Amino acid sequence: MAWTSRRMAASVLFFLLLLVTSEMGTTRVAEARHCLSQSHRFVGGCMRERNCRHVCNTEGFPWGDCRWHGMERKCYCKRLC
């Protein structure tokens, strides 16, 4: 009986040691979130990223992406939240 309890204690200790060492090696990096907003000034289908980016710059956003919205591509402006 004492042998099985020692074995169980050793298993639990090994598991805890493994858990602690795995947590020590991870480094968490904060990622910046991007906020999207459909462009209010872009007219027509969004075919070129450069045009979308330029219109978004005039709206005060640093980036712009063409994205699918249903059956058509629209210009979405992007900035850090």
# chains A, B, ... in the order shown; residues from 1 in each chain; ligands from 1

$ residues_around --residues "Arg50 of chain A" --least-positions-apart "5" --cutoff "9 Å" --atoms "only C-alpha atoms" --output "number ranges by chain"
A: 55, 64-65

$ residues_around --residues "His54 of chain A" --least-positions-apart "5" --cutoff "9 Å" --atoms "only C-alpha atoms" --output "PyMOL selection string"
chain A and resi 49+59+63-64

$ write_last_selection --atoms "all heavy atoms" --output "PDB file, in the first residue's frame"
ATOM      1  N   GLU A  49      -5.985  47.755 -53.946  1.00  0.00           N
ATOM      2  CA  GLU A  49      -5.680  48.079 -52.552  1.00  0.00           C
ATOM      3  C   GLU A  49      -5.147  49.511 -52.425  1.00  0.00           C
ATOM      4  O   GLU A  49      -5.427  50.197 -51.453  1.00  0.00           O
ATOM      5  CB  GLU A  49      -4.643  47.102 -51.985  1.00  0.00           C
ATOM      6  CG  GLU A  49      -5.083  45.656 -51.967  1.00  0.00           C
ATOM      7  CD  GLU A  49      -5.952  45.324 -50.788  1.00  0.00           C
ATOM      8  OE1 GLU A  49      -5.883  46.010 -49.760  1.00  0.00           O
ATOM      9  OE2 GLU A  49      -6.710  44.351 -50.901  1.00  0.00           O
ATOM     10  N   GLU A  59      -9.543  59.799 -44.968  1.00  0.00           N
ATOM     11  CA  GLU A  59     -10.511  59.706 -43.872  1.00  0.00           C
ATOM     12  C   GLU A  59      -9.831  59.650 -42.510  1.00  0.00           C
ATOM     13  O   GLU A  59     -10.506  59.546 -41.486  1.00  0.00           O
ATOM     14  CB  GLU A  59     -11.398  58.474 -44.052  1.00  0.00           C
ATOM     15  CG  GLU A  59     -12.313  58.545 -45.256  1.00  0.00           C
ATOM     16  CD  GLU A  59     -13.206  57.328 -45.371  1.00  0.00           C
ATOM     17  OE1 GLU A  59     -13.520  56.696 -44.334  1.00  0.00           O
ATOM     18  OE2 GLU A  59     -13.602  56.996 -46.494  1.00  0.00           O
ATOM     19  N   TRP A  63      -4.418  52.647 -42.772  1.00  0.00           N
ATOM     20  CA  TRP A  63      -4.438  51.519 -43.711  1.00  0.00           C
ATOM     21  C   TRP A  63      -5.820  51.344 -44.310  1.00  0.00           C
ATOM     22  O   TRP A  63      -6.828  51.761 -43.735  1.00  0.00           O
ATOM     23  CB  TRP A  63      -4.061  50.209 -43.008  1.00  0.00           C
ATOM     24  CG  TRP A  63      -2.753  50.245 -42.316  1.00  0.00           C
ATOM     25  CD1 TRP A  63      -1.527  50.274 -42.890  1.00  0.00           C
ATOM     26  CD2 TRP A  63      -2.536  50.269 -40.915  1.00  0.00           C
ATOM     27  NE1 TRP A  63      -0.558  50.315 -41.928  1.00  0.00           N
ATOM     28  CE2 TRP A  63      -1.151  50.310 -40.707  1.00  0.00           C
ATOM     29  CE3 TRP A  63      -3.378  50.259 -39.808  1.00  0.00           C
ATOM     30  CZ2 TRP A  63      -0.586  50.335 -39.446  1.00  0.00           C
ATOM     31  CZ3 TRP A  63      -2.819  50.294 -38.564  1.00  0.00           C
ATOM     32  CH2 TRP A  63      -1.439  50.324 -38.380  1.00  0.00           C
ATOM     33  N   GLY A  64      -5.838  50.652 -45.443  1.00  0.00           N
ATOM     34  CA  GLY A  64      -7.095  50.293 -46.084  1.00  0.00           C
ATOM     35  C   GLY A  64      -6.962  48.960 -46.784  1.00  0.00           C
ATOM     36  O   GLY A  64      -5.917  48.657 -47.366  1.00  0.00           O
TER      37      GLY A  64
END

$ residues_around --residues "segment 78-81 of chain A" --least-positions-apart "2" --cutoff "8 Å" --atoms "only C-alpha atoms" --output "PyMOL selection string"
chain A and resi 32-37+56+61-65+76

$ atom_distance --atom1 "atom CA of Thr58 of chain A" --atom2 "atom CA of Arg41 of chain A"
8.9 Å

$ residues_around --residues "segment 67-73 of chain A" --least-positions-apart "3" --cutoff "9 Å" --atoms "only C-alpha atoms" --output "PyMOL selection string"
chain A and resi 44-47+76

$ select_by_dssp --residues "segment 26-68 of chain A" --states "alpha helix (DSSP H)" --output "list in words"
Glu49, Arg50, Asn51, Cys52, Arg53, His54, Val55, Cys56, Asn57 and Thr58 of chain A
